[in-house]
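The data block below is data-v6.cif; it holds mmCIF, C-alpha atoms and all ligand atoms.
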```
data_data
#
loop_
_atom_site.label_atom_id
_atom_site.label_comp_id
_atom_site.auth_asym_id
_atom_site.auth_seq_id
_atom_site.Cartn_x
_atom_site.Cartn_y
_atom_site.Cartn_z
CA MET A 1 27.83 -125.56 -98.80
CA ILE A 2 25.92 -125.70 -95.50
CA ARG A 3 23.35 -128.47 -95.51
CA LYS A 4 20.70 -128.88 -92.83
CA LYS A 5 21.24 -131.92 -90.63
CA ILE A 6 18.56 -134.59 -90.69
CA ALA A 7 17.70 -136.90 -87.80
CA ALA A 8 15.37 -139.55 -89.21
CA GLY A 9 13.93 -142.32 -87.07
CA ASN A 10 12.79 -145.65 -88.47
CA TRP A 11 10.38 -147.26 -86.04
CA LYS A 12 10.03 -150.37 -88.23
CA MET A 13 7.31 -152.80 -87.06
CA ASN A 14 7.39 -151.78 -83.41
CA ASN A 15 5.11 -150.26 -80.77
CA THR A 16 1.43 -150.44 -79.95
CA GLN A 17 -0.76 -147.48 -80.87
CA ALA A 18 -0.55 -146.10 -77.31
CA GLU A 19 3.25 -146.47 -77.27
CA ALA A 20 3.58 -144.78 -80.65
CA ILE A 21 1.49 -141.82 -79.49
CA GLN A 22 3.44 -141.53 -76.25
CA LEU A 23 6.79 -141.60 -78.09
CA ALA A 24 5.62 -138.97 -80.57
CA ARG A 25 4.34 -136.75 -77.74
CA GLN A 26 7.65 -137.01 -75.92
CA LEU A 27 9.55 -136.10 -79.08
CA ALA A 28 7.20 -133.20 -79.77
CA THR A 29 8.56 -131.41 -76.70
CA THR A 30 12.14 -131.40 -78.07
CA GLN A 31 13.72 -128.02 -78.76
CA ILE A 32 14.85 -128.87 -82.28
CA PRO A 33 17.88 -126.84 -83.43
CA GLU A 34 17.10 -124.51 -86.38
CA ASP A 35 19.55 -126.31 -88.64
CA THR A 36 18.05 -129.75 -88.01
CA LEU A 37 15.15 -131.54 -89.65
CA VAL A 38 13.50 -134.37 -87.72
CA ILE A 39 11.63 -137.09 -89.58
CA LEU A 40 9.78 -140.02 -87.98
CA GLY A 41 9.39 -143.19 -90.04
CA VAL A 42 6.21 -144.55 -88.50
CA PRO A 43 4.10 -147.60 -89.31
CA PHE A 44 1.27 -146.77 -91.74
CA VAL A 45 -1.46 -147.47 -89.18
CA TYR A 46 -0.18 -144.82 -86.76
CA ILE A 47 0.41 -142.01 -89.24
CA LYS A 48 -2.73 -140.05 -88.27
CA ASP A 49 -2.12 -140.50 -84.55
CA VAL A 50 1.48 -139.39 -84.82
CA GLN A 51 0.50 -136.42 -86.98
CA SER A 52 -1.86 -135.29 -84.20
CA ALA A 53 0.76 -135.86 -81.52
CA ILE A 54 3.38 -133.73 -83.31
CA SER A 55 1.06 -131.04 -84.65
CA GLY A 56 2.49 -127.56 -84.17
CA THR A 57 6.08 -128.86 -84.42
CA ASN A 58 8.39 -128.97 -87.45
CA ILE A 59 8.69 -132.74 -87.26
CA GLU A 60 7.90 -134.54 -90.53
CA ILE A 61 6.50 -138.02 -91.06
CA ALA A 62 7.92 -140.68 -93.33
CA ALA A 63 6.21 -143.88 -94.37
CA GLN A 64 8.45 -146.93 -94.42
CA ASN A 65 7.48 -148.19 -97.87
CA CYS A 66 5.01 -147.72 -100.70
CA HIS A 67 3.90 -149.70 -103.73
CA GLN A 68 5.25 -149.06 -107.20
CA GLU A 69 1.79 -148.73 -108.75
CA LEU A 70 -0.50 -145.79 -108.06
CA SER A 71 -3.63 -147.83 -107.37
CA GLY A 72 -5.31 -151.09 -108.24
CA ALA A 73 -5.83 -154.67 -107.15
CA PHE A 74 -2.89 -155.04 -104.77
CA THR A 75 -4.52 -156.28 -101.57
CA GLY A 76 -2.76 -155.14 -98.44
CA GLU A 77 -0.53 -152.59 -100.15
CA ILE A 78 -0.26 -148.82 -99.63
CA SER A 79 0.25 -146.41 -102.51
CA ALA A 80 2.27 -143.23 -102.77
CA SER A 81 -0.89 -141.31 -103.64
CA MET A 82 -2.57 -142.54 -100.44
CA LEU A 83 0.39 -141.27 -98.44
CA ALA A 84 0.42 -137.94 -100.24
CA SER A 85 -3.32 -137.57 -99.60
CA MET A 86 -2.58 -137.97 -95.87
CA ASP A 87 -0.02 -135.17 -95.95
CA VAL A 88 2.92 -137.53 -95.52
CA LYS A 89 6.04 -135.84 -96.90
CA TYR A 90 8.64 -138.64 -97.02
CA VAL A 91 8.84 -142.33 -97.79
CA ILE A 92 11.75 -144.63 -96.97
CA LEU A 93 12.56 -146.87 -99.93
CA GLY A 94 15.10 -149.64 -100.36
CA HIS A 95 15.76 -150.34 -96.71
CA SER A 96 18.00 -153.42 -96.49
CA GLU A 97 15.22 -155.30 -94.68
CA ARG A 98 12.90 -154.67 -97.65
CA ARG A 99 15.66 -155.63 -100.08
CA GLU A 100 16.42 -158.84 -98.16
CA TYR A 101 13.07 -160.10 -96.81
CA PHE A 102 10.83 -158.81 -99.61
CA GLU A 103 13.33 -159.26 -102.41
CA GLU A 104 13.16 -155.66 -103.56
CA SER A 105 15.56 -155.21 -106.46
CA ASN A 106 17.21 -152.05 -107.70
CA GLU A 107 14.86 -152.16 -110.68
CA LEU A 108 11.77 -152.31 -108.46
CA LEU A 109 13.15 -149.53 -106.29
CA ALA A 110 13.67 -147.35 -109.34
CA LYS A 111 9.95 -147.78 -110.10
CA LYS A 112 8.91 -147.10 -106.53
CA THR A 113 11.07 -143.99 -106.50
CA ASN A 114 9.48 -142.71 -109.71
CA THR A 115 5.99 -143.32 -108.36
CA ALA A 116 6.70 -141.69 -105.01
CA LEU A 117 8.27 -138.61 -106.61
CA SER A 118 5.39 -138.35 -109.09
CA GLN A 119 3.05 -137.94 -106.11
CA GLY A 120 5.17 -135.21 -104.55
CA LEU A 121 6.71 -137.39 -101.86
CA LYS A 122 10.37 -137.05 -100.97
CA VAL A 123 12.29 -140.31 -100.94
CA ILE A 124 14.78 -141.50 -98.36
CA PHE A 125 16.64 -143.98 -100.53
CA CYS A 126 18.68 -146.58 -98.64
CA CYS A 127 21.79 -148.29 -99.91
CA GLY A 128 24.59 -150.25 -98.29
CA GLU A 129 26.59 -153.43 -98.37
CA ALA A 130 26.54 -156.70 -96.42
CA LEU A 131 29.61 -157.81 -94.47
CA PRO A 132 31.06 -160.21 -97.10
CA VAL A 133 30.92 -157.42 -99.67
CA ARG A 134 32.84 -155.09 -97.38
CA GLU A 135 35.32 -157.81 -96.49
CA ALA A 136 35.92 -158.39 -100.19
CA GLY A 137 36.62 -154.68 -100.59
CA SER A 138 33.73 -154.25 -103.06
CA HIS A 139 31.56 -151.96 -100.93
CA VAL A 140 32.00 -148.84 -103.03
CA ALA A 141 31.25 -150.70 -106.28
CA HIS A 142 28.21 -152.32 -104.65
CA VAL A 143 26.72 -149.01 -103.51
CA LYS A 144 27.57 -147.46 -106.89
CA THR A 145 25.45 -150.13 -108.63
CA GLN A 146 22.56 -149.60 -106.17
CA LEU A 147 22.58 -145.88 -106.91
CA GLU A 148 23.08 -146.23 -110.66
CA GLU A 149 20.25 -148.73 -111.01
CA GLY A 150 17.91 -147.24 -108.42
CA LEU A 151 18.35 -143.49 -108.75
CA PHE A 152 20.56 -142.32 -111.57
CA HIS A 153 17.80 -142.41 -114.17
CA LEU A 154 16.31 -139.36 -112.38
CA SER A 155 16.73 -135.81 -113.60
CA ALA A 156 18.74 -133.47 -111.38
CA ASP A 157 15.48 -131.72 -110.44
CA ASP A 158 13.91 -134.97 -109.28
CA LEU A 159 17.04 -136.04 -107.48
CA LYS A 160 16.77 -132.95 -105.27
CA ASN A 161 13.74 -134.61 -103.69
CA VAL A 162 15.80 -137.63 -102.67
CA VAL A 163 17.78 -138.09 -99.47
CA ILE A 164 20.32 -140.90 -99.64
CA ALA A 165 20.83 -143.08 -96.56
CA TYR A 166 24.01 -145.13 -96.52
CA GLU A 167 23.39 -148.06 -94.20
CA PRO A 168 26.03 -150.78 -94.07
CA ILE A 169 23.97 -153.90 -93.36
CA TRP A 170 26.58 -155.24 -90.96
CA ALA A 171 25.94 -152.21 -88.73
CA ILE A 172 22.12 -152.31 -88.73
CA GLY A 173 20.70 -153.44 -85.42
CA THR A 174 23.98 -155.17 -84.55
CA GLY A 175 25.45 -152.64 -82.16
CA VAL A 176 28.48 -152.47 -84.48
CA THR A 177 28.81 -148.98 -85.91
CA ALA A 178 30.89 -148.00 -88.91
CA SER A 179 33.77 -145.87 -87.69
CA SER A 180 33.45 -142.20 -88.53
CA ASP A 181 36.29 -142.71 -91.07
CA GLN A 182 34.44 -145.60 -92.75
CA ALA A 183 31.24 -143.55 -92.88
CA GLN A 184 32.98 -140.47 -94.25
CA GLU A 185 34.87 -142.52 -96.85
CA MET A 186 31.66 -143.98 -98.27
CA HIS A 187 29.75 -140.70 -98.06
CA ARG A 188 32.57 -138.94 -99.91
CA GLU A 189 32.43 -141.64 -102.60
CA ILE A 190 28.66 -141.26 -102.90
CA ARG A 191 28.98 -137.48 -103.25
CA ALA A 192 31.69 -137.97 -105.89
CA LEU A 193 29.36 -140.30 -107.83
CA LEU A 194 26.61 -137.68 -107.61
CA SER A 195 29.01 -135.01 -108.75
CA ASN A 196 30.21 -137.04 -111.76
CA LYS A 197 26.67 -137.73 -112.85
CA TYR A 198 24.87 -134.49 -111.93
CA GLY A 199 27.59 -131.90 -111.31
CA THR A 200 28.95 -130.42 -108.12
CA ASP A 201 26.06 -128.04 -107.41
CA THR A 202 23.55 -130.88 -107.24
CA ALA A 203 25.98 -133.14 -105.35
CA ASP A 204 26.62 -130.41 -102.78
CA GLN A 205 22.91 -129.95 -102.14
CA MET A 206 22.17 -133.63 -101.57
CA HIS A 207 21.72 -135.00 -98.07
CA ILE A 208 23.53 -138.25 -97.34
CA LEU A 209 22.56 -139.86 -94.03
CA TYR A 210 24.42 -142.58 -92.19
CA GLY A 211 22.47 -145.49 -90.65
CA GLY A 212 23.68 -148.39 -88.57
CA SER A 213 23.63 -148.50 -84.76
CA VAL A 214 23.63 -144.72 -84.33
CA LYS A 215 23.35 -143.96 -80.62
CA PRO A 216 23.63 -140.89 -78.40
CA GLY A 217 27.26 -141.81 -77.71
CA ASN A 218 28.44 -141.96 -81.33
CA ALA A 219 26.05 -139.58 -83.12
CA SER A 220 28.01 -136.35 -82.82
CA GLU A 221 31.26 -137.87 -84.06
CA LEU A 222 29.53 -139.48 -87.05
CA PHE A 223 27.49 -136.35 -87.85
CA SER A 224 30.55 -134.10 -87.65
CA GLN A 225 32.08 -135.78 -90.71
CA LEU A 226 32.16 -133.51 -93.76
CA ASP A 227 29.84 -135.57 -95.94
CA VAL A 228 27.58 -137.03 -93.23
CA ASP A 229 24.41 -134.95 -93.08
CA GLY A 230 22.71 -136.77 -90.24
CA GLY A 231 21.38 -140.23 -89.56
CA LEU A 232 18.70 -142.79 -90.20
CA VAL A 233 18.21 -144.36 -86.81
CA GLY A 234 16.46 -147.62 -85.99
CA GLY A 235 16.66 -148.97 -82.44
CA ALA A 236 17.63 -145.72 -80.74
CA SER A 237 14.69 -143.88 -82.35
CA LEU A 238 12.30 -145.96 -80.24
CA LYS A 239 13.54 -144.41 -77.00
CA ALA A 240 12.54 -140.77 -76.65
CA GLU A 241 15.56 -139.80 -74.54
CA ASP A 242 18.02 -141.46 -76.93
CA PHE A 243 16.46 -140.00 -80.05
CA LYS A 244 16.29 -136.54 -78.47
CA ALA A 245 20.02 -136.78 -77.71
CA ILE A 246 20.67 -137.81 -81.32
CA ILE A 247 18.58 -134.87 -82.60
CA LEU A 248 20.66 -132.52 -80.48
CA ALA A 249 23.89 -134.14 -81.71
C1 LIG A 301 17.92 -148.97 -89.68
O1 LIG A 301 17.25 -149.99 -89.63
O2 LIG A 301 17.72 -148.14 -90.57
C2 LIG A 301 18.93 -148.79 -88.66
C3 LIG A 301 19.91 -147.98 -88.93
O3 LIG A 301 18.80 -149.52 -87.51
P1 LIG A 301 19.72 -149.40 -86.19
O4 LIG A 301 19.90 -147.94 -85.91
O5 LIG A 301 18.94 -150.11 -85.14
O6 LIG A 301 21.01 -150.07 -86.53
#
```
Would you mind writing the file out in structure tokens?
Amino acid sequence: MIRKKIAAGNWKMNNTQAEAIQLARQLATTQIPEDTLVILGVPFVYIKDVQSAISGTNIEIAAQNCHQELSGAFTGEISASMLASMDVKYVILGHSERREYFEESNELLAKKTNTALSQGLKVIFCCGEALPVREAGSHVAHVKTQLEEGLFHLSADDLKNVVIAYEPIWAIGTGVTASSDQAQEMHREIRALLSNKYGTDTADQMHILYGGSVKPGNASELFSQLDVDGGLVGGASLKAEDFKAIILA
């Protein structure tokens, strides 16, 4: 099965408005290969600006979070329906920073996922283990629980609107990248879990991205692994030249 590659950037809480627009304009000039989908995970406040800057390209926008409820008295929060009404196509859910600093549990993420999908958004669902979990050799079991509790209540039809991002926490923003063997091993495990639960057709269609210190120098080796369908990129997505190189990888 040939799956499109995805290069997704996660800008996190970075950049001024002018910097965000400039970065988006620089990326808009990239000759994106036909088999590659580019997604920019931009801060909520710059969504409109970035949409204007990339108009006429195939680049998609992702929000970096949304609330589990559709509307109501939740001061400061952003709902999935607000994002959908702004023509945002993707939302990143379950990033390890949200899990750690905002105490987002698998149960909460299951609710957020349901709400986002109900509004027609596609979900980039992050999972991954911290270093002690890997050192204890429990990384596969840990990710299995994250997926079972966060995603596996979905129907196969709903799951098709989910992209899974495997992001070992020890590799995020640390400069330490999982080796291509470590990435492929976990991605193969994830696809096997999907296959056991949903069957091989669904598992073969699912995109599984790797995240964790992806850079121009390591992207092509990581992305050439059988079950690695692209990357979710933090730091390197803030530099137009680096992210362009990753898109082309
Ligand atoms: C991320 O935060 O999703 C990420 C992968 O960050 P970095 O590429 O900087 O490690």
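Closest approach to Ser180 in chain A among A:Val214, A:Leu194, A:Ile61, A:Cys127 is made by A:Val214 (distances from all atoms listed in the file).
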_Which of A:Cys126, A:Leu109, A:Leu37, A:Leu248 sits closest to His153 in chain A [using only C-alpha atoms]_ =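 Closest candidate: A:Leu109.
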*asked:* Taking only C-alpha atoms and all ligand atoms into account, list the residues no farther than 6 Å from ligand LIG 301 (chain A), as a list in words.
replied: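 Using only C-alpha atoms and all ligand atoms, everything at most 6 Å from ligand LIG 301 (chain A) comes to Asn10, Ala171, Ile172, Gly173, Gly211, Gly212, Ser213, Val214, Leu232, Val233, Gly234 and Gly235 of chain A.
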Go ahead and fit an axis-aligned box to every listed atom of range 209-228 of chain A plus 3 Å each side, and pass me the centre and edge lengths in Å, one decimal, as JSON.
```
{"center_x": 27.3, "center_y": -141.0, "center_z": -86.8, "size_x": 15.7, "size_y": 21.0, "size_z": 24.2}
```
*Please identify all polymer residues lying at most 12 Å from the point (16.1, -128.4, -76.7) (file coordinates), using all atoms listed in the file, and present the result as a list of chain:residue names.*
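Those within range, by chain then number, are A:Leu27, A:Ala28, A:Thr29, A:Thr30, A:Gln31, A:Ile32, A:Pro33, A:Glu34, A:Thr36, A:Glu241, A:Lys244, A:Ala245, A:Ile246, A:Ile247, A:Leu248, A:Ala249.
You can rank A:Asp87, A:Glu77, A:Thr16, A:Glu69 by their closest distance to Ser118 in chain A using only C-alpha atoms, and at the top of that list sits A:Glu69.
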_I'd like to know which of A:Val123, A:Ala18, A:Leu226, A:Ala24 is closest to Arg3 in chain A, using all atoms listed in the file._
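With all atoms listed in the file as the atom set, the closest residue is A:Leu226.
Note that CA of Ser79 in chain A and CA of Ala203 in chain A are 29.1 Å apart.
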*Might you pull out every residue within 10 Å of range 45-47 of chain A, with all atoms listed in the file counted and same-chain residues fewer than 3 positions away left off, and present them as a ChimeraX atom specification?*
/A:15-18,20-21,40-42,50-53,61-63,83,86-88
*Close residues, range 94-96 of chain A itself excluded, 9 Å, all atoms listed in the file, min 4 positions apart in chain, as number ranges by chain*: A: 64-65, 100-101, 104-106, 109, 124-129, 150, 165, 167-169, 172
*Given all atoms listed in the file as the counted atoms, nearest of A:Leu151, A:Phe74, A:Ile208, A:Ser85 to Phe223 in chain A*: A:Ile208
Can you tell me, as a short mmCIF file (atom, residue, chain, number, x, y, z; two decimals) with C-alpha atoms, in the coordinates of the input, what residues are no more than 12 Å from Asp204 in chain A when counting all atoms listed in the file, ignoring any on the same chain fewer than 5 positions away?
```cif
data_model
loop_
_atom_site.label_atom_id
_atom_site.label_comp_id
_atom_site.auth_asym_id
_atom_site.auth_seq_id
_atom_site.Cartn_x
_atom_site.Cartn_y
_atom_site.Cartn_z
CA MET A 1 27.83 -125.56 -98.80
CA ILE A 2 25.92 -125.70 -95.50
CA ARG A 3 23.35 -128.47 -95.51
CA LYS A 4 20.70 -128.88 -92.83
CA LYS A 160 16.77 -132.95 -105.27
CA HIS A 187 29.75 -140.70 -98.06
CA ARG A 188 32.57 -138.94 -99.91
CA ILE A 190 28.66 -141.26 -102.90
CA ARG A 191 28.98 -137.48 -103.25
CA ALA A 192 31.69 -137.97 -105.89
CA LEU A 193 29.36 -140.30 -107.83
CA LEU A 194 26.61 -137.68 -107.61
CA SER A 195 29.01 -135.01 -108.75
CA ASN A 196 30.21 -137.04 -111.76
CA TYR A 198 24.87 -134.49 -111.93
CA GLY A 199 27.59 -131.90 -111.31
CA LEU A 226 32.16 -133.51 -93.76
CA ASP A 227 29.84 -135.57 -95.94
CA VAL A 228 27.58 -137.03 -93.23
CA ASP A 229 24.41 -134.95 -93.08
#
```
*Separation of CA of Leu222 in chain A and CA of Gly175 in chain A, in Å?*
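Taking CA of Leu222 in chain A and CA of Gly175 in chain A, their separation equals 14.6 Å.
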*Residue nearest Val162 in chain A - candidates A:Lys239, A:Lys112, A:His207, A:Lys215, atoms counted: only C-alpha atoms*: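 Among the listed residues, the smallest separation from Val162 in chain A belongs to A:His207.
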_Would you compute the distance between CA of Gly231 in chain A and CA of Ile164 in chain A? Give it in Å to one decimal._
10.2 Å
Please export range 69-119 of chain A as a compact mmCIF listing (two decimals), in the first residue's frame, restricted to C-alpha atoms.
```txt
# COMPACT_ATOMS: atom_id res chain seq x y z
CA GLU A 69 -16.76 20.42 24.81
CA LEU A 70 -18.36 22.04 21.78
CA SER A 71 -19.14 25.38 23.42
CA GLY A 72 -19.92 26.94 26.76
CA ALA A 73 -18.45 28.71 29.75
CA PHE A 74 -14.79 27.73 29.33
CA THR A 75 -12.99 31.06 29.39
CA GLY A 76 -9.87 31.13 27.28
CA GLU A 77 -10.54 27.85 25.49
CA ILE A 78 -10.99 27.13 21.77
CA SER A 79 -13.53 24.61 20.50
CA ALA A 80 -13.38 22.18 17.62
CA SER A 81 -16.42 23.85 16.06
CA MET A 82 -14.64 27.22 16.11
CA LEU A 83 -11.71 25.66 14.28
CA ALA A 84 -13.95 23.95 11.75
CA SER A 85 -15.76 27.24 11.14
CA MET A 86 -12.38 28.78 10.26
CA ASP A 87 -11.68 26.08 7.69
CA VAL A 88 -8.99 24.44 9.80
CA LYS A 89 -8.65 20.81 8.73
CA TYR A 90 -6.47 19.23 11.43
CA VAL A 91 -5.95 19.42 15.17
CA ILE A 92 -3.00 18.01 17.09
CA LEU A 93 -4.18 16.19 20.22
CA GLY A 94 -2.28 14.49 23.01
CA HIS A 95 1.09 16.11 22.43
CA SER A 96 3.40 15.07 25.28
CA GLU A 97 3.63 18.71 26.41
CA ARG A 98 -0.16 18.82 26.79
CA ARG A 99 -0.13 15.45 28.55
CA GLU A 100 2.63 16.57 30.93
CA TYR A 101 2.02 20.28 31.61
CA PHE A 102 -1.77 20.28 31.31
CA GLU A 103 -2.32 16.82 32.73
CA GLU A 104 -4.25 15.56 29.72
CA SER A 105 -5.17 11.94 30.32
CA ASN A 106 -5.99 9.24 27.79
CA GLU A 107 -9.61 9.53 28.88
CA LEU A 108 -9.71 13.28 28.22
CA LEU A 109 -7.97 12.78 24.88
CA ALA A 110 -10.57 10.21 23.87
CA LYS A 111 -13.23 12.89 24.49
CA LYS A 112 -11.31 15.56 22.63
CA THR A 113 -10.84 13.17 19.72
CA ASN A 114 -14.57 12.42 19.58
CA THR A 115 -15.43 16.11 19.65
CA ALA A 116 -12.89 17.04 16.99
CA LEU A 117 -14.01 14.24 14.66
CA SER A 118 -17.66 15.15 15.22
CA GLN A 119 -16.88 18.59 13.79
```
